[in-house]
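*Asks:* Contents of target.txt (compact mmCIF, C-alpha atoms):
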# COMPACT_ATOMS: atom_id res chain seq x y z
CA VAL A 420 118.48 91.06 107.68
CA GLU A 421 115.81 93.75 107.94
CA ARG A 422 115.23 93.23 111.67
CA THR A 423 118.88 93.19 112.66
CA TRP A 424 121.30 95.98 113.51
CA ILE A 425 123.11 95.37 110.23
CA ASP A 426 122.94 98.66 108.38
CA TYR A 427 124.31 97.76 104.97
CA MET A 428 124.37 94.74 102.70
CA PRO A 429 127.85 94.00 101.31
CA PRO A 430 128.40 94.61 97.57
CA THR A 431 129.20 90.90 97.19
CA VAL A 432 125.50 90.10 97.66
CA THR A 433 125.19 90.49 93.88
CA LYS A 434 127.03 87.16 93.54
CA LEU A 435 123.99 85.38 94.97
CA SER A 436 122.45 84.57 91.61
CA LYS A 437 119.68 82.38 93.09
CA LEU A 438 118.61 84.81 95.82
CA GLU A 439 114.89 85.52 95.48
CA PHE A 440 114.15 87.84 98.41
CA SER A 441 116.22 90.66 99.84
CA ARG A 442 114.90 92.52 102.84
CA ALA A 443 117.42 94.86 104.38
CA ARG A 444 117.41 98.15 106.24
CA ARG A 445 119.75 99.50 103.59
CA TRP A 446 121.03 97.86 100.47
CA ILE A 447 123.10 100.19 98.33
CA LEU A 448 122.73 98.72 94.88
CA THR A 449 126.04 98.13 93.14
CA GLN A 450 127.15 97.01 89.71
CA GLY A 451 126.57 93.33 89.21
CA LEU A 452 122.92 93.57 90.19
CA GLU A 453 122.01 92.08 86.81
CA ASN A 454 123.56 88.79 88.01
CA MET A 455 120.72 88.33 90.49
CA LYS A 456 118.41 86.79 87.89
CA ALA A 457 116.16 85.06 90.46
CA LEU A 458 115.49 88.21 92.53
CA ARG A 459 111.75 88.70 93.02
CA GLU A 460 111.58 91.12 95.98
CA ALA A 461 113.99 93.91 96.91
CA TYR A 462 113.28 96.00 100.01
CA GLY A 463 115.56 98.71 101.36
CA ALA A 464 117.31 99.12 98.01
CA GLN A 465 119.10 102.43 97.43
CA LEU A 466 120.50 104.10 94.36
CA ILE A 467 123.17 106.63 95.25
CA LYS A 468 125.36 109.07 93.33
CA GLY A 469 126.92 107.55 90.25
CA GLY A 470 124.15 104.98 89.96
CA VAL A 471 123.46 105.34 86.22
CA LYS A 472 124.92 101.91 85.38
CA VAL A 473 123.16 100.26 88.30
CA ALA A 474 119.88 101.94 87.32
CA ARG A 475 120.22 100.31 83.90
CA GLU A 476 120.77 96.89 85.51
CA ILE A 477 117.41 97.00 87.32
CA GLY A 478 115.75 96.41 83.96
CA GLU A 479 117.60 93.10 83.62
CA LEU A 480 115.82 91.63 86.65
CA GLN A 481 113.00 89.90 84.78
CA GLN A 482 111.65 88.07 87.85
CA LEU A 483 111.39 91.24 89.97
CA GLN A 484 107.88 91.59 91.38
CA GLU A 485 108.33 93.99 94.31
CA LEU A 486 110.74 96.90 94.47
CA TYR A 487 111.11 99.33 97.35
CA LEU A 488 113.68 101.81 96.05
CA TYR A 489 115.15 104.88 97.71
CA VAL A 490 116.79 107.25 95.20
CA ASP A 491 119.54 109.54 96.42
CA GLU A 492 120.91 110.73 93.10
CA GLU A 493 121.29 114.08 91.42
CA PRO A 494 118.38 114.61 89.02
CA GLU A 495 120.54 114.47 85.91
CA GLU A 496 118.87 113.56 82.64
CA GLU A 497 121.05 110.49 82.01
CA PHE A 498 120.16 108.97 85.37
CA LEU A 499 116.44 109.77 85.08
CA SER A 500 116.36 108.26 81.61
CA ALA A 501 118.27 105.11 82.68
CA LEU A 502 115.98 104.42 85.62
CA GLY A 503 112.84 105.14 83.61
CA SER A 504 114.01 102.83 80.85
CA SER A 505 114.73 100.06 83.37
CA LEU A 506 111.31 100.37 84.95
CA SER A 507 109.82 99.97 81.46
CA LYS A 508 111.52 96.56 81.21
CA THR A 509 110.28 95.17 84.53
CA CYS A 510 107.35 93.26 83.07
CA ALA A 511 106.75 91.11 86.19
CA LEU A 512 106.67 94.08 88.60
CA ARG A 513 103.55 94.14 90.76
CA SER A 514 104.53 96.57 93.51
CA LEU A 515 106.70 99.67 93.16
CA HIS A 516 107.60 102.08 95.93
CA LEU A 517 109.85 104.96 94.88
CA GLN A 518 111.13 107.42 97.44
CA CYS A 519 113.61 110.26 97.08
CA SER A 520 114.86 113.14 99.13
CA ASN A 521 117.68 114.85 97.22
CA SER A 522 116.37 113.96 93.80
CA THR A 523 113.16 114.03 91.82
CA LEU A 524 110.79 111.30 90.73
CA ASP A 525 110.90 112.59 87.16
CA CYS A 526 112.44 109.23 86.20
CA LEU A 527 108.80 108.12 86.00
CA LEU A 528 108.32 110.53 83.09
CA HIS A 529 110.86 108.43 81.16
CA VAL A 530 108.89 105.19 81.47
CA SER A 531 107.87 104.35 77.91
CA SER A 532 105.76 101.28 78.68
CA PRO A 533 104.66 100.77 82.28
CA PRO A 534 104.89 97.43 84.07
CA PRO A 535 101.66 95.80 82.83
CA LEU A 536 100.92 93.86 86.04
CA LEU A 537 101.52 96.70 88.50
CA ARG A 538 99.01 96.54 91.38
CA ARG A 539 100.57 98.87 93.97
CA LEU A 540 102.34 102.17 93.30
CA THR A 541 103.79 104.52 95.90
CA MET A 542 105.58 107.72 94.98
CA GLU A 543 107.29 109.79 97.64
CA GLY A 544 109.18 112.89 96.54
CA PRO A 545 108.89 115.89 94.24
CA MET A 546 108.07 115.60 90.56
CA SER A 547 107.39 118.14 87.84
CA ARG A 548 104.19 116.54 86.53
CA PHE A 549 102.05 113.43 86.85
CA PRO A 550 103.14 110.63 84.48
CA ASP A 551 100.59 110.04 81.71
CA TRP A 552 101.10 106.27 81.68
CA ILE A 553 99.69 105.80 85.19
CA SER A 554 96.16 106.14 83.80
CA SER A 555 96.79 103.01 81.69
CA LEU A 556 97.47 100.70 84.66
CA LYS A 557 94.36 98.55 84.47
CA HIS A 558 95.46 96.28 87.36
CA LEU A 559 96.44 99.07 89.79
CA VAL A 560 94.60 98.53 93.08
CA GLU A 561 96.53 100.76 95.51
CA PHE A 562 97.96 104.21 94.84
CA SER A 563 99.83 106.40 97.30
CA MET A 564 101.86 109.56 97.02
CA LYS A 565 103.59 111.98 99.38
CA ARG A 566 105.59 115.16 98.89
CA THR A 567 104.99 115.21 95.11
CA ARG A 568 103.53 118.74 95.10
CA LEU A 569 101.36 118.14 92.04
CA ALA A 570 98.27 119.97 90.85
CA GLY A 571 95.09 118.22 92.02
CA ASP A 572 93.46 118.17 88.59
CA GLN A 573 96.46 116.33 87.09
CA LEU A 574 96.08 113.69 89.74
CA LEU A 575 92.36 113.01 89.71
CA ASP A 576 91.95 113.16 85.94
CA SER A 577 94.39 110.24 85.63
CA LEU A 578 93.26 108.23 88.66
CA CYS A 579 89.61 108.32 87.58
CA LYS A 580 90.55 106.22 84.53
CA LEU A 581 91.80 103.28 86.60
CA PRO A 582 89.16 100.51 86.61
CA SER A 583 90.61 98.42 89.48
CA LEU A 584 91.67 101.19 91.86
CA GLN A 585 90.44 100.50 95.41
CA SER A 586 92.67 102.68 97.57
CA ILE A 587 94.11 106.19 97.20
CA GLU A 588 96.38 107.67 99.86
CA LEU A 589 97.42 111.29 99.51
CA GLY A 590 100.04 112.09 102.10
CA PRO A 591 101.62 115.35 103.22
CA ARG A 592 102.37 117.84 100.44
CA SER A 593 101.10 115.50 97.75
CA CYS A 594 99.08 118.33 96.16
CA ARG A 595 100.04 121.96 95.88
CA ASP A 596 96.41 123.08 95.68
CA LEU A 597 94.17 123.52 98.70
CA GLU A 598 91.38 121.48 97.11
CA LEU A 599 90.92 118.74 94.52
Kindly return the structure encoded in the file as structure tokens.

*Replies:*
Amino acid sequence: VERTWIDYMPPTVTKLSKLEFSRARRWILTQGLENMKALREAYGAQLIKGGVKVAREIGELQQLQELYLYVDEEPEEEFLSALGSSLSKTCALRSLHLQCSNSTLDCLLHVSSPPPLLRRLTMEGPMSRFPDWISSLKHLVEFSMKRTRLAGDQLLDSLCKLPSLQSIELGPRSCRDLEL
């Protein structure tokens, strides 16, 4: 439904246990997401206030390969930890796009073991520091970040360790320094 005028997916979409692809303009993730065991691609997904339980359910989606997630949640420790823990469990994930406006991407600091097959990573939003685990992503081919406001040396020191990296995109306000 991504090219329609339909703005929101109904919460009952979580009953579609065999659904593999979800492309929507907006899909506010609700409890029951863990029932979607066949889900491989989720575009337009949003986590909103009170999404701690739903953030935990993302880790139950063992077939998930592509996740485009917009986070509109207060940067509370419980939420950041829950989302980071879930991302650690997504072993099939190959493409991750995280975007936030009212929150922080510090959930990435709570990832204990990164998705081992990750090939594309996009981060859009503020964060306090660059996650250490990114330098261990041996299959990462594309990296992009915007509005993270990180120090340039944090960024390049980690990215230089990635053996498969082919593309780096640094968007607006990705670095707080004037040079790398």

*Asks:* Which residues, written as a list in words, have at least one atom at most 10 Å from Lys456 of chain A, with all atoms listed in the file counted and residues fewer than 5 positions away on the same chain left out?

*Replies:*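 That gives Thr433, Leu435, Ser436, Lys437, Leu438, Glu439, Glu479, Leu480, Gln481, Gln482 and Leu483 of chain A.
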
*Asks:* Please return as a PyMOL selection string every residue within 7 Å of (116.6, 105.2, 86.3), taking into account all atoms listed in the file and the file's own coordinates.

*Replies:* chain A and resi 471+474-475+498-505+526

*Asks:* Determine the nearest neighbour of Ser507 of chain A from the options A:Ser532, A:Gln465, A:Ser554, A:Asn521, counting only C-alpha atoms.

*Replies:* A:Ser532

*Asks:* Record the distance separating atom CA of Glu543 of chain A and atom CA of Cys519 of chain A, expressed in Å with one decimal.

*Replies:*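 Answer for the atom CA of Glu543 of chain A to atom CA of Cys519 of chain A separation: 6.4 Å.
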
*Asks:* My list of candidates is A:Gly463, A:Pro545, A:Pro591, A:Gly478. Which is closest to Tyr427 of chain A when distances are computed with all atoms listed in the file?

*Replies:* A:Gly463

*Asks:* To box segment 543-559 of chain A, take all atoms listed in the file, fit an axis-aligned box, add 5 Å on each side, and give centre and edge lengths in Å to one decimal, as lines of an AutoDock Vina configuration file.

*Replies:*
center_x = 101.8
center_y = 107.2
center_z = 89.7
size_x = 24.8
size_y = 31.9
size_z = 26.0

*Asks:* Could you list, as a PDB file with C-alpha atoms, keeping the file's coordinate frame, every residue within 12 Å of Met428 of chain A, counting all atoms listed in the file and ignoring same-chain residues fewer than 4 positions away?

*Replies:*
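The file below, result.pdb, is the result:
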ATOM      1  CA  VAL A 420     118.480  91.060 107.680  1.00  0.00           C
ATOM      2  CA  GLU A 421     115.810  93.750 107.940  1.00  0.00           C
ATOM      3  CA  THR A 423     118.880  93.190 112.660  1.00  0.00           C
ATOM      4  CA  TRP A 424     121.300  95.980 113.510  1.00  0.00           C
ATOM      5  CA  VAL A 432     125.500  90.100  97.660  1.00  0.00           C
ATOM      6  CA  THR A 433     125.190  90.490  93.880  1.00  0.00           C
ATOM      7  CA  SER A 441     116.220  90.660  99.840  1.00  0.00           C
ATOM      8  CA  ARG A 442     114.900  92.520 102.840  1.00  0.00           C
ATOM      9  CA  ALA A 443     117.420  94.860 104.380  1.00  0.00           C
ATOM     10  CA  ARG A 444     117.410  98.150 106.240  1.00  0.00           C
ATOM     11  CA  ARG A 445     119.750  99.500 103.590  1.00  0.00           C
ATOM     12  CA  TRP A 446     121.030  97.860 100.470  1.00  0.00           C
ATOM     13  CA  ILE A 447     123.100 100.190  98.330  1.00  0.00           C
ATOM     14  CA  LEU A 448     122.730  98.720  94.880  1.00  0.00           C
ATOM     15  CA  THR A 449     126.040  98.130  93.140  1.00  0.00           C
ATOM     16  CA  ALA A 461     113.990  93.910  96.910  1.00  0.00           C
ATOM     17  CA  TYR A 462     113.280  96.000 100.010  1.00  0.00           C
ATOM     18  CA  GLY A 463     115.560  98.710 101.360  1.00  0.00           C
ATOM     19  CA  ALA A 464     117.310  99.120  98.010  1.00  0.00           C
ATOM     20  CA  GLN A 465     119.100 102.430  97.430  1.00  0.00           C
TER      21      GLN A 465
END

*Asks:* Please report the interatomic distance between atom CA of Ser563 of chain A and atom CA of Met546 of chain A in Å with one decimal.

*Replies:*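 About the pair atom CA of Ser563 of chain A and atom CA of Met546 of chain A: they are 14.1 Å apart.
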
*Asks:* Show which residues sit within 6 Å of Ser522 of chain A, as a list in words. Count all atoms listed in the file, and ignore same-chain residues fewer than 2 positions away.

*Replies:*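 Answer for this query is Glu492, Glu493, Pro494, Cys519 and Ser520 of chain A.
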
*Asks:* Write out as a VMD selection string each polymer residue whose atoms come within 12 Å of segment 549-552 of chain A, counting all atoms listed in the file; drop sequence neighbours fewer than 4 positions from it.

*Replies:* chain A and resid 503 507 524 to 535 537 542 545 556 to 557 559 564 567 to 578 580 to 581 593 to 594

*Asks:* Which value, in Å to one decimal, gives the distance between atom CA of Leu540 of chain A and atom CA of Ser514 of chain A?

*Replies:*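 Distance between the two atoms: 6.0 Å.
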
*Asks:* Would you be able to write out as a PDB file with C-alpha atoms, in the coordinates of the input which residues have an atom within 12 Å of (89.6, 105.9, 99.7) in the file's coordinates, counting all atoms listed in the file?

*Replies:*
ATOM      1  CA  VAL A 560      94.600  98.530  93.080  1.00  0.00           C
ATOM      2  CA  GLU A 561      96.530 100.760  95.510  1.00  0.00           C
ATOM      3  CA  PHE A 562      97.960 104.210  94.840  1.00  0.00           C
ATOM      4  CA  SER A 563      99.830 106.400  97.300  1.00  0.00           C
ATOM      5  CA  LEU A 578      93.260 108.230  88.660  1.00  0.00           C
ATOM      6  CA  LEU A 584      91.670 101.190  91.860  1.00  0.00           C
ATOM      7  CA  GLN A 585      90.440 100.500  95.410  1.00  0.00           C
ATOM      8  CA  SER A 586      92.670 102.680  97.570  1.00  0.00           C
ATOM      9  CA  ILE A 587      94.110 106.190  97.200  1.00  0.00           C
ATOM     10  CA  GLU A 588      96.380 107.670  99.860  1.00  0.00           C
ATOM     11  CA  LEU A 589      97.420 111.290  99.510  1.00  0.00           C
TER      12      LEU A 589
END
